[in-house]
file structure.pdb (PDB, C-alpha atoms)
ATOM      1  CA  MET M  20     -12.122   5.108 -30.134
ATOM      2  CA  LYS M  21      -8.314   4.750 -30.275
ATOM      3  CA  ARG M  22      -8.210   4.187 -26.519
ATOM      4  CA  LYS M  23     -10.900   1.502 -26.755
ATOM      5  CA  ILE M  24      -8.981  -0.304 -29.497
ATOM      6  CA  GLU M  25      -5.841  -0.259 -27.303
ATOM      7  CA  GLN M  26      -7.848  -1.753 -24.444
ATOM      8  CA  VAL M  27      -9.030  -4.563 -26.741
ATOM      9  CA  ARG M  28      -5.448  -5.196 -27.898
ATOM     10  CA  THR M  29      -4.352  -5.483 -24.286
ATOM     11  CA  LEU M  30      -7.041  -8.079 -23.647
ATOM     12  CA  LEU M  31      -6.076 -10.003 -26.789
ATOM     13  CA  ASP M  32      -2.405  -9.959 -25.751
ATOM     14  CA  ALA M  33      -3.411 -11.510 -22.424
ATOM     15  CA  LEU M  34      -5.610 -14.188 -24.029
ATOM     16  CA  PRO M  35      -2.858 -16.811 -24.618
ATOM     17  CA  TYR M  36      -1.833 -16.591 -20.958
ATOM     18  CA  ILE M  37      -5.439 -16.829 -19.782
ATOM     19  CA  LYS M  38      -5.845 -20.018 -21.831
ATOM     20  CA  ARG M  39      -2.505 -21.423 -20.650
ATOM     21  CA  TYR M  40      -3.071 -20.848 -16.938
ATOM     22  CA  SER M  41      -6.782 -21.541 -16.601
ATOM     23  CA  ASP M  42      -7.374 -24.204 -13.934
ATOM     24  CA  GLU M  43      -3.776 -23.940 -12.655
ATOM     25  CA  ILE M  44      -2.752 -23.300  -9.027
ATOM     26  CA  PHE M  45      -0.631 -20.217  -8.344
ATOM     27  CA  VAL M  46       0.869 -19.793  -4.867
ATOM     28  CA  ILE M  47       1.498 -16.135  -4.041
ATOM     29  CA  LYS M  48       3.650 -14.997  -1.123
ATOM     30  CA  TYR M  49       2.114 -11.645  -0.144
ATOM     31  CA  GLY M  50       4.359  -9.294   1.801
ATOM     32  CA  GLY M  51       6.339  -6.075   1.845
ATOM     33  CA  SER M  52       4.841  -2.752   0.742
ATOM     34  CA  ALA M  53       2.036  -4.492  -1.144
ATOM     35  CA  GLN M  54       0.774  -5.694   2.241
ATOM     36  CA  LEU M  55       1.197  -2.325   3.989
ATOM     37  CA  ASN M  56       0.312   0.417   1.483
ATOM     38  CA  PRO M  57      -3.490   0.995   1.298
ATOM     39  CA  GLU M  58      -3.450   1.681  -2.466
ATOM     40  CA  LEU M  59      -1.295  -1.343  -3.207
ATOM     41  CA  LYS M  60      -3.595  -3.493  -1.066
ATOM     42  CA  GLU M  61      -6.499  -2.548  -3.321
ATOM     43  CA  LYS M  62      -4.458  -3.212  -6.475
ATOM     44  CA  PHE M  63      -3.428  -6.604  -5.074
ATOM     45  CA  ALA M  64      -7.074  -7.494  -4.400
ATOM     46  CA  HIS M  65      -8.056  -6.481  -7.954
ATOM     47  CA  ASP M  66      -5.245  -8.611  -9.395
ATOM     48  CA  ILE M  67      -6.256 -11.669  -7.372
ATOM     49  CA  ILE M  68      -9.922 -11.274  -8.311
ATOM     50  CA  LEU M  69      -9.091 -11.007 -12.021
ATOM     51  CA  MET M  70      -6.878 -14.092 -11.855
ATOM     52  CA  TYR M  71      -9.627 -15.924  -9.972
ATOM     53  CA  LEU M  72     -12.310 -14.954 -12.505
ATOM     54  CA  VAL M  73     -10.302 -16.154 -15.526
ATOM     55  CA  GLY M  74      -9.860 -19.584 -13.957
ATOM     56  CA  ILE M  75      -6.546 -19.371 -12.101
ATOM     57  CA  LYS M  76      -6.620 -20.845  -8.594
ATOM     58  CA  PRO M  77      -4.724 -18.463  -6.275
ATOM     59  CA  VAL M  78      -3.373 -19.599  -2.913
ATOM     60  CA  ILE M  79      -2.041 -16.767  -0.743
ATOM     61  CA  VAL M  80       0.630 -17.127   1.941
ATOM     62  CA  HIS M  81       1.249 -13.989   3.958
ATOM     63  CA  GLY M  82       3.863 -12.684   6.348
ATOM     64  CA  GLY M  83       3.505 -10.026   9.032
ATOM     65  CA  GLY M  84       6.834  -9.220  10.672
ATOM     66  CA  ASN M  85       6.204  -5.471  10.895
ATOM     67  CA  ALA M  86       2.789  -5.928  12.492
ATOM     68  CA  ILE M  87       4.183  -8.487  14.943
ATOM     69  CA  GLY M  88       6.955  -6.071  15.959
ATOM     70  CA  ALA M  89       4.504  -3.195  16.405
ATOM     71  CA  THR M  90       2.150  -5.330  18.519
ATOM     72  CA  LEU M  91       4.995  -6.571  20.736
ATOM     73  CA  ASP M  92       6.108  -2.968  21.280
ATOM     74  CA  ARG M  93       2.557  -1.884  22.101
ATOM     75  CA  MET M  94       2.218  -4.719  24.612
ATOM     76  CA  GLN M  95       5.689  -3.920  25.988
ATOM     77  CA  ILE M  96       6.947  -7.433  25.311
ATOM     78  CA  GLU M  97      10.656  -7.540  24.599
ATOM     79  CA  SER M  98      11.906  -9.425  21.552
ATOM     80  CA  HIS M  99      15.186  -9.600  19.684
ATOM     81  CA  PHE M 100      16.712 -11.128  16.591
ATOM     82  CA  VAL M 101      19.501 -13.670  16.210
ATOM     83  CA  ASP M 102      20.832 -14.413  12.708
ATOM     84  CA  GLY M 103      17.885 -12.468  11.277
ATOM     85  CA  LEU M 104      15.293 -14.616  13.103
ATOM     86  CA  ARG M 105      12.989 -13.278  15.789
ATOM     87  CA  VAL M 106      13.687 -15.264  18.947
ATOM     88  CA  THR M 107      10.237 -16.592  19.849
ATOM     89  CA  ASP M 108       9.489 -17.626  23.409
ATOM     90  CA  GLU M 109       6.022 -18.779  24.439
ATOM     91  CA  GLN M 110       4.766 -15.242  25.130
ATOM     92  CA  VAL M 111       6.041 -13.945  21.786
ATOM     93  CA  MET M 112       4.542 -16.987  20.042
ATOM     94  CA  GLU M 113       1.116 -16.069  21.401
ATOM     95  CA  VAL M 114       1.454 -12.623  19.823
ATOM     96  CA  VAL M 115       2.764 -14.087  16.544
ATOM     97  CA  GLU M 116      -0.282 -16.339  16.254
ATOM     98  CA  MET M 117      -2.672 -13.577  17.318
ATOM     99  CA  VAL M 118      -1.323 -11.214  14.650
ATOM    100  CA  LEU M 119      -0.810 -13.687  11.777
ATOM    101  CA  SER M 120      -3.860 -15.920  12.236
ATOM    102  CA  GLY M 121      -5.990 -13.088  13.592
ATOM    103  CA  SER M 122      -5.683  -9.508  12.414
ATOM    104  CA  ILE M 123      -3.606  -9.918   9.228
ATOM    105  CA  ASN M 124      -5.334 -13.042   7.954
ATOM    106  CA  ASN M 125      -8.750 -11.538   8.637
ATOM    107  CA  GLU M 126      -7.807  -8.292   6.908
ATOM    108  CA  ILE M 127      -6.734 -10.091   3.718
ATOM    109  CA  THR M 128      -9.742 -12.409   3.582
ATOM    110  CA  THR M 129     -12.133  -9.519   4.252
ATOM    111  CA  LEU M 130     -10.508  -7.426   1.518
ATOM    112  CA  LEU M 131     -10.835 -10.208  -1.048
ATOM    113  CA  ASN M 132     -14.388 -11.058  -0.023
ATOM    114  CA  MET M 133     -15.413  -7.400  -0.327
ATOM    115  CA  HIS M 134     -14.166  -7.467  -3.926
ATOM    116  CA  GLY M 135     -16.260 -10.510  -4.811
ATOM    117  CA  ALA M 136     -14.046 -13.508  -4.029
ATOM    118  CA  LYS M 137     -14.678 -16.469  -1.751
ATOM    119  CA  ALA M 138     -11.603 -16.231   0.466
ATOM    120  CA  LEU M 139     -11.089 -18.316   3.597
ATOM    121  CA  GLY M 140      -8.317 -17.874   6.131
ATOM    122  CA  VAL M 141      -6.446 -20.842   7.579
ATOM    123  CA  SER M 142      -3.361 -21.430   9.699
ATOM    124  CA  GLY M 143      -0.811 -24.195   9.244
ATOM    125  CA  LYS M 144      -2.126 -25.557  12.542
ATOM    126  CA  ASP M 145      -5.570 -26.170  11.005
ATOM    127  CA  ALA M 146      -5.820 -29.921  10.373
ATOM    128  CA  ASN M 147      -2.077 -29.920  11.198
ATOM    129  CA  PHE M 148      -1.427 -29.357   7.512
ATOM    130  CA  ILE M 149       1.982 -27.702   8.132
ATOM    131  CA  LYS M 150       4.085 -29.814  10.491
ATOM    132  CA  ALA M 151       7.328 -28.398  11.847
ATOM    133  CA  GLN M 152      10.112 -28.891  14.344
ATOM    134  CA  PRO M 153      12.390 -26.372  16.055
ATOM    135  CA  ILE M 154      15.376 -25.077  14.105
ATOM    136  CA  ASP M 155      17.227 -24.722  17.405
ATOM    137  CA  GLN M 156      15.015 -24.460  20.502
ATOM    138  CA  GLU M 157      17.742 -23.057  22.735
ATOM    139  CA  LYS M 158      18.850 -20.415  20.260
ATOM    140  CA  TYR M 159      15.613 -19.341  18.549
ATOM    141  CA  GLY M 160      12.785 -20.731  20.677
ATOM    142  CA  TYR M 161       9.608 -21.530  18.752
ATOM    143  CA  VAL M 162      11.002 -20.751  15.307
ATOM    144  CA  GLY M 163      10.349 -23.802  13.173
ATOM    145  CA  GLN M 164      11.455 -25.559  10.050
ATOM    146  CA  ILE M 165       8.868 -27.425   8.009
ATOM    147  CA  THR M 166       8.975 -31.216   8.107
ATOM    148  CA  GLU M 167       5.792 -31.964   6.149
ATOM    149  CA  VAL M 168       2.968 -30.230   4.305
ATOM    150  CA  ASP M 169      -0.281 -32.142   3.845
ATOM    151  CA  PRO M 170      -2.101 -30.292   1.036
ATOM    152  CA  THR M 171      -5.421 -32.116   1.504
ATOM    153  CA  VAL M 172      -7.256 -29.298   3.296
ATOM    154  CA  ILE M 173      -6.036 -26.654   0.819
ATOM    155  CA  LYS M 174      -6.997 -28.802  -2.168
ATOM    156  CA  LYS M 175     -10.501 -29.222  -0.725
ATOM    157  CA  LEU M 176     -10.856 -25.449  -0.355
ATOM    158  CA  ILE M 177      -9.724 -24.976  -3.965
ATOM    159  CA  VAL M 178     -12.252 -27.564  -5.201
ATOM    160  CA  GLU M 179     -14.963 -25.613  -3.365
ATOM    161  CA  LYS M 180     -13.849 -22.429  -5.237
ATOM    162  CA  PHE M 181     -12.306 -20.767  -2.179
ATOM    163  CA  ILE M 182      -9.115 -18.713  -2.228
ATOM    164  CA  PRO M 183      -7.088 -20.053   0.713
ATOM    165  CA  VAL M 184      -5.266 -17.357   2.704
ATOM    166  CA  ILE M 185      -2.602 -19.055   4.803
ATOM    167  CA  ALA M 186      -0.909 -17.853   7.995
ATOM    168  CA  PRO M 187       2.542 -19.497   8.278
ATOM    169  CA  ILE M 188       2.187 -21.140  11.686
ATOM    170  CA  GLY M 189       3.485 -24.684  12.061
ATOM    171  CA  SER M 190       1.983 -27.421  14.206
ATOM    172  CA  TYR M 191       3.820 -29.934  16.390
ATOM    173  CA  GLU M 192       2.999 -33.521  17.335
ATOM    174  CA  LYS M 193       2.785 -32.825  21.094
ATOM    175  CA  SER M 194      -0.553 -31.854  22.622
ATOM    176  CA  GLY M 195      -0.663 -28.331  24.072
ATOM    177  CA  HIS M 196       2.352 -27.168  22.082
ATOM    178  CA  PRO M 197       2.066 -23.469  21.057
ATOM    179  CA  GLY M 198       3.178 -24.153  17.490
ATOM    180  CA  PHE M 199       5.983 -22.636  15.455
ATOM    181  CA  ASN M 200       6.688 -19.313  13.831
ATOM    182  CA  ILE M 201       7.546 -20.198  10.198
ATOM    183  CA  ASN M 202       9.217 -17.918   7.665
ATOM    184  CA  ALA M 203       6.482 -17.029   5.155
ATOM    185  CA  ASP M 204       8.806 -17.387   2.137
ATOM    186  CA  THR M 205       9.766 -20.877   3.269
ATOM    187  CA  ALA M 206       6.123 -21.786   3.819
ATOM    188  CA  ALA M 207       5.148 -20.565   0.341
ATOM    189  CA  GLY M 208       7.849 -22.678  -1.315
ATOM    190  CA  HIS M 209       6.840 -25.827   0.554
ATOM    191  CA  ILE M 210       3.119 -25.270  -0.029
ATOM    192  CA  ALA M 211       3.661 -24.678  -3.763
ATOM    193  CA  ALA M 212       5.608 -27.940  -4.079
ATOM    194  CA  SER M 213       3.001 -29.907  -2.102
ATOM    195  CA  LEU M 214       0.148 -28.595  -4.267
ATOM    196  CA  GLY M 215       1.924 -29.162  -7.583
ATOM    197  CA  ALA M 216       1.444 -25.470  -8.364
ATOM    198  CA  ARG M 217       2.142 -24.083 -11.834
ATOM    199  CA  LYS M 218       3.862 -21.029 -10.356
ATOM    200  CA  VAL M 219       4.955 -19.593  -7.028
ATOM    201  CA  ILE M 220       5.306 -15.807  -6.933
ATOM    202  CA  PHE M 221       7.068 -13.858  -4.188
ATOM    203  CA  MET M 222       6.035 -10.210  -3.840
ATOM    204  CA  THR M 223       8.933  -8.231  -2.394
ATOM    205  CA  ASP M 224      10.278  -4.697  -2.023
ATOM    206  CA  THR M 225      13.021  -5.173  -4.613
ATOM    207  CA  PRO M 226      12.870  -5.325  -8.427
ATOM    208  CA  GLY M 227      14.127  -8.927  -8.255
ATOM    209  CA  VAL M 228      17.438 -10.637  -7.578
ATOM    210  CA  MET M 229      20.134  -8.050  -8.255
ATOM    211  CA  GLY M 230      23.612  -8.703  -9.628
ATOM    212  CA  SER M 231      26.816  -7.109  -8.339
ATOM    213  CA  ASP M 232      26.229  -4.230 -10.779
ATOM    214  CA  GLN M 233      22.702  -3.744  -9.332
ATOM    215  CA  ALA M 234      21.092  -4.877 -12.583
ATOM    216  CA  ILE M 235      18.150  -7.290 -12.379
ATOM    217  CA  LEU M 236      19.052 -10.913 -13.040
ATOM    218  CA  HIS M 237      16.008 -11.943 -15.046
ATOM    219  CA  THR M 238      16.625 -15.721 -15.108
ATOM    220  CA  LEU M 239      18.502 -17.931 -12.645
ATOM    221  CA  ASN M 240      19.074 -21.619 -11.966
ATOM    222  CA  GLU M 241      20.471 -23.447  -8.933
ATOM    223  CA  GLU M 242      24.079 -23.370 -10.116
ATOM    224  CA  GLN M 243      23.962 -19.608 -10.711
ATOM    225  CA  ILE M 244      22.289 -19.016  -7.349
ATOM    226  CA  ASP M 245      24.982 -21.014  -5.533
ATOM    227  CA  ALA M 246      27.675 -18.921  -7.233
ATOM    228  CA  LEU M 247      25.936 -15.666  -6.278
ATOM    229  CA  LYS M 248      25.638 -16.832  -2.661
ATOM    230  CA  GLU M 249      29.346 -17.633  -2.537
ATOM    231  CA  LYS M 250      30.187 -14.153  -3.828
ATOM    232  CA  GLY M 251      27.854 -12.593  -1.258
ATOM    233  CA  THR M 252      25.721 -11.059  -4.012
ATOM    234  CA  ILE M 253      22.680 -12.888  -2.678
ATOM    235  CA  ASN M 254      22.456 -12.237   1.056
ATOM    236  CA  GLY M 255      20.180 -11.089   3.882
ATOM    237  CA  GLY M 256      16.448 -11.242   3.286
ATOM    238  CA  MET M 257      16.871 -12.482  -0.280
ATOM    239  CA  MET M 258      18.373 -15.768   0.958
ATOM    240  CA  PRO M 259      15.139 -17.370   2.238
ATOM    241  CA  LYS M 260      13.339 -16.229  -0.917
ATOM    242  CA  VAL M 261      15.736 -17.880  -3.365
ATOM    243  CA  ASP M 262      15.924 -20.970  -1.133
ATOM    244  CA  ALA M 263      12.126 -21.173  -1.150
ATOM    245  CA  CYS M 264      12.155 -20.790  -4.944
ATOM    246  CA  LEU M 265      14.662 -23.624  -5.280
ATOM    247  CA  HIS M 266      12.657 -25.864  -2.944
ATOM    248  CA  ALA M 267       9.558 -25.242  -5.070
ATOM    249  CA  VAL M 268      11.181 -25.904  -8.456
ATOM    250  CA  LYS M 269      12.971 -29.002  -7.131
ATOM    251  CA  GLY M 270       9.550 -30.146  -5.903
ATOM    252  CA  GLY M 271       8.079 -29.897  -9.398
ATOM    253  CA  VAL M 272       6.896 -26.275  -9.701
ATOM    254  CA  PRO M 273       7.948 -25.214 -13.252
ATOM    255  CA  LYS M 274       8.795 -21.606 -12.386
ATOM    256  CA  ALA M 275       9.289 -19.440  -9.307
ATOM    257  CA  HIS M 276       9.141 -15.652  -9.596
ATOM    258  CA  ILE M 277      10.492 -12.866  -7.383
ATOM    259  CA  ILE M 278       8.746  -9.614  -8.318
ATOM    260  CA  ASP M 279       8.484  -6.031  -7.083
ATOM    261  CA  GLY M 280       5.238  -5.709  -5.141
ATOM    262  CA  ARG M 281       5.650  -1.912  -5.102
ATOM    263  CA  VAL M 282       4.716  -1.844  -8.799
ATOM    264  CA  GLU M 283       0.992  -1.360  -9.372
ATOM    265  CA  HIS M 284      -0.647  -4.548 -10.675
ATOM    266  CA  ALA M 285       2.677  -6.391 -10.468
ATOM    267  CA  LEU M 286       0.906  -9.755 -10.469
ATOM    268  CA  LEU M 287      -0.975  -9.070 -13.695
ATOM    269  CA  LEU M 288       2.156  -7.750 -15.388
ATOM    270  CA  GLU M 289       4.022 -10.915 -14.433
ATOM    271  CA  VAL M 290       1.303 -13.390 -15.345
ATOM    272  CA  PHE M 291      -0.366 -11.872 -18.415
ATOM    273  CA  THR M 292       2.423 -10.117 -20.345
ATOM    274  CA  SER M 293       5.299 -11.534 -22.385
ATOM    275  CA  GLU M 294       7.847  -9.209 -20.746
ATOM    276  CA  GLY M 295       6.928  -9.926 -17.136
ATOM    277  CA  LEU M 296       9.068  -8.388 -14.425
ATOM    278  CA  GLY M 297      11.544  -9.426 -11.774
ATOM    279  CA  THR M 298      13.513 -12.688 -11.603
ATOM    280  CA  VAL M 299      12.423 -16.133 -12.771
ATOM    281  CA  ILE M 300      14.012 -19.210 -11.209
ATOM    282  CA  LYS M 301      13.687 -22.413 -13.194
TER     283      LYS M 301
END

call {"tool": "encode", "arguments": {"input": "structure.pdb", "output": "structure tokens"}}
result
Amino acid sequence: MKRKIEQVRTLLDALPYIKRYSDEIFVIKYGGSAQLNPELKEKFAHDIILMYLVGIKPVIVHGGGNAIGATLDRMQIESHFVDGLRVTDEQVMEVVEMVLSGSINNEITTLLNMHGAKALGVSGKDANFIKAQPIDQEKYGYVGQITEVDPTVIKKLIVEKFIPVIAPIGSYEKSGHPGFNINADTAAGHIAASLGARKVIFMTDTPGVMGSDQAILHTLNEEQIDALKEKGTINGGMMPKVDACLHAVKGGVPKAHIIDGRVEHALLLEVFTSEGLGTVIK
């Protein structure tokens, strides 16, 4: 009986958040261990389904760098990185699209559908809803920066009760162009701003943004982020995440969250508890 009462208390504690976020759009960048570990995949699916059933409208943006690298190796296609970006020629771009829009996107949508959702996979090239241009064609090849996000197609999917699962591939205005490989963090930030999302949540393999003493920085703003960048405290793979957070909040998203996707049910802990976890950027 005591255990049942505790379960009820947990539900009651979550009730204010369920009321607050019902009918709101949450953009979730899905990556890291949560996308690779079989147990965490299942936990992620359960979290999304629960959010979906209580009225939240999840939109998922996924990465796939590890799978792309493994596929290139298997196909014996050479690739290398410059400034942390995978140089993407036309042959590599074909593999990027095959992996992101094909195997990974299908895996996520199938997982969610098996758990009772209506998930539908799309690429940024569908209806040209993510438009991009090269960052530096000579240096990086088909690695793109986003110029425009047209949220119309995603909004229509949401109205029809679908969970959009988005592969971060950008389209270009020229016919026959192979498209662009877009950083998934960057895509999530732009998509969240274009949709007027209530939250954007980045699932990572770190507890959050860490200070110089390796303690979690629970709340940050633009001024603090700039100072941490100057000190070199924020660097490497965290840079595109905080930049994507800033783009989202400047675009009208009230809060951006960087959370540890290695924690079981990290999404539910962030959304439905007062403590939350990770770093919030306002």

call {"tool": "residues_around", "arguments": {"input": "structure.pdb", "residues": "Leu247 in chain M", "least_positions_apart": "2", "cutoff": "12 Å", "atoms": "only C-alpha atoms", "output": "PDB file with C-alpha atoms, in the coordinates of the input"}}
result
ATOM      1  CA  VAL M 228      17.438 -10.637  -7.578  1.00  0.00           C
ATOM      2  CA  MET M 229      20.134  -8.050  -8.255  1.00  0.00           C
ATOM      3  CA  GLY M 230      23.612  -8.703  -9.628  1.00  0.00           C
ATOM      4  CA  SER M 231      26.816  -7.109  -8.339  1.00  0.00           C
ATOM      5  CA  LEU M 236      19.052 -10.913 -13.040  1.00  0.00           C
ATOM      6  CA  LEU M 239      18.502 -17.931 -12.645  1.00  0.00           C
ATOM      7  CA  ASN M 240      19.074 -21.619 -11.966  1.00  0.00           C
ATOM      8  CA  GLU M 241      20.471 -23.447  -8.933  1.00  0.00           C
ATOM      9  CA  GLU M 242      24.079 -23.370 -10.116  1.00  0.00           C
ATOM     10  CA  GLN M 243      23.962 -19.608 -10.711  1.00  0.00           C
ATOM     11  CA  ILE M 244      22.289 -19.016  -7.349  1.00  0.00           C
ATOM     12  CA  ASP M 245      24.982 -21.014  -5.533  1.00  0.00           C
ATOM     13  CA  GLU M 249      29.346 -17.633  -2.537  1.00  0.00           C
ATOM     14  CA  LYS M 250      30.187 -14.153  -3.828  1.00  0.00           C
ATOM     15  CA  GLY M 251      27.854 -12.593  -1.258  1.00  0.00           C
ATOM     16  CA  THR M 252      25.721 -11.059  -4.012  1.00  0.00           C
ATOM     17  CA  ILE M 253      22.680 -12.888  -2.678  1.00  0.00           C
ATOM     18  CA  ASN M 254      22.456 -12.237   1.056  1.00  0.00           C
ATOM     19  CA  MET M 257      16.871 -12.482  -0.280  1.00  0.00           C
ATOM     20  CA  MET M 258      18.373 -15.768   0.958  1.00  0.00           C
ATOM     21  CA  VAL M 261      15.736 -17.880  -3.365  1.00  0.00           C
TER      22      VAL M 261
END

call {"tool": "resolve_selection", "arguments": {"input": "structure.pdb", "expression": "the PyMOL selection byres ((chain M and resi 40-47) around 10)", "output": "count of residues only"}}
result
46

call {"tool": "resolve_selection", "arguments": {"input": "structure.pdb", "expression": "the PyMOL selection byres ((chain M and resi 140) around 9)", "output": "MDAnalysis selection string"}}
result
chainID M and resid 120 124:125 127:128 138:139 141:142 182:186

call {"tool": "write_last_selection", "arguments": {"input": "structure.pdb", "atoms": "C-alpha atoms", "output": "PDB file, in the frame of the given file"}}
result
ATOM      1  CA  SER M 120      -3.860 -15.920  12.236  1.00  0.00           C
ATOM      2  CA  ASN M 124      -5.334 -13.042   7.954  1.00  0.00           C
ATOM      3  CA  ASN M 125      -8.750 -11.538   8.637  1.00  0.00           C
ATOM      4  CA  ILE M 127      -6.734 -10.091   3.718  1.00  0.00           C
ATOM      5  CA  THR M 128      -9.742 -12.409   3.582  1.00  0.00           C
ATOM      6  CA  ALA M 138     -11.603 -16.231   0.466  1.00  0.00           C
ATOM      7  CA  LEU M 139     -11.089 -18.316   3.597  1.00  0.00           C
ATOM      8  CA  VAL M 141      -6.446 -20.842   7.579  1.00  0.00           C
ATOM      9  CA  SER M 142      -3.361 -21.430   9.699  1.00  0.00           C
ATOM     10  CA  ILE M 182      -9.115 -18.713  -2.228  1.00  0.00           C
ATOM     11  CA  PRO M 183      -7.088 -20.053   0.713  1.00  0.00           C
ATOM     12  CA  VAL M 184      -5.266 -17.357   2.704  1.00  0.00           C
ATOM     13  CA  ILE M 185      -2.602 -19.055   4.803  1.00  0.00           C
ATOM     14  CA  ALA M 186      -0.909 -17.853   7.995  1.00  0.00           C
TER      15      ALA M 186
END

call {"tool": "resolve_selection", "arguments": {"input": "structure.pdb", "expression": "the PyMOL selection byres ((chain M and resi 161-166) around 6)", "output": "short mmCIF file (atom, residue, chain, number, x, y, z; two decimals) with C-alpha atoms, keeping the file's coordinate frame"}}
result
data_model
loop_
_atom_site.label_atom_id
_atom_site.label_comp_id
_atom_site.auth_asym_id
_atom_site.auth_seq_id
_atom_site.Cartn_x
_atom_site.Cartn_y
_atom_site.Cartn_z
CA THR M 107 10.24 -16.59 19.85
CA LYS M 150 4.08 -29.81 10.49
CA ALA M 151 7.33 -28.40 11.85
CA GLN M 152 10.11 -28.89 14.34
CA PRO M 153 12.39 -26.37 16.06
CA ILE M 154 15.38 -25.08 14.10
CA TYR M 159 15.61 -19.34 18.55
CA GLY M 160 12.78 -20.73 20.68
CA GLU M 167 5.79 -31.96 6.15
CA PHE M 199 5.98 -22.64 15.46
CA ASN M 200 6.69 -19.31 13.83
CA ILE M 201 7.55 -20.20 10.20
#

call {"tool": "atom_distance", "arguments": {"input": "structure.pdb", "atom1": "CA of Met112 in chain M", "atom2": "CA of Ala206 in chain M"}}
result
17.0 Å

call {"tool": "axis_aligned_box", "arguments": {"input": "structure.pdb", "around": "range 251-260 of chain M", "padding_each_side": "4 Å", "output": "AutoDock Vina command-line options"}}
result
--center_x 20.6 --center_y -14.2 --center_z -0.1 --size_x 22.5 --size_y 14.3 --size_z 15.9

call {"tool": "closest_residue", "arguments": {"input": "structure.pdb", "among": "M:Asn56, M:Asn85, M:Asn202, M:Ser213", "to": "Pro187 in chain M", "atoms": "all atoms listed in the file"}}
result
M:Asn202

call {"tool": "residues_around", "arguments": {"input": "structure.pdb", "residues": "Gly135 in chain M", "least_positions_apart": "3", "cutoff": "9 Å", "atoms": "only C-alpha atoms", "output": "PyMOL selection string"}}
result
chain M and resi 68+131-132

call {"tool": "closest_residue", "arguments": {"input": "structure.pdb", "among": "M:Gly195, M:Thr292, M:Thr298, M:Glu58", "to": "Thr29 in chain M", "atoms": "all atoms listed in the file"}}
result
M:Thr292

call {"tool": "atom_distance", "arguments": {"input": "structure.pdb", "atom1": "CA of Val115 in chain M", "atom2": "CA of Ile87 in chain M"}}
result
6.0 Å

call {"tool": "residues_around", "arguments": {"input": "structure.pdb", "residues": "Ala285 in chain M", "least_positions_apart": "6", "cutoff": "10 Å", "atoms": "all atoms listed in the file", "output": "list in words"}}
result
Ala53, Leu59, Lys62, Phe63, Asp66, Met222, Ile278, Asp279, Gly295, Leu296 and Gly297 of chain M

call {"tool": "closest_residue", "arguments": {"input": "structure.pdb", "among": "M:Met133, M:Thr171, M:Ile123, M:Ile277", "to": "Ile235 in chain M", "atoms": "only C-alpha atoms"}}
result
M:Ile277

call {"tool": "closest_residue", "arguments": {"input": "structure.pdb", "among": "M:Met94, M:Leu69, M:Leu55, M:Leu104", "to": "Thr223 in chain M", "atoms": "all atoms listed in the file"}}
result
M:Leu55

call {"tool": "atom_distance", "arguments": {"input": "structure.pdb", "atom1": "CA of His134 in chain M", "atom2": "CA of Val282 in chain M"}}
result
20.3 Å
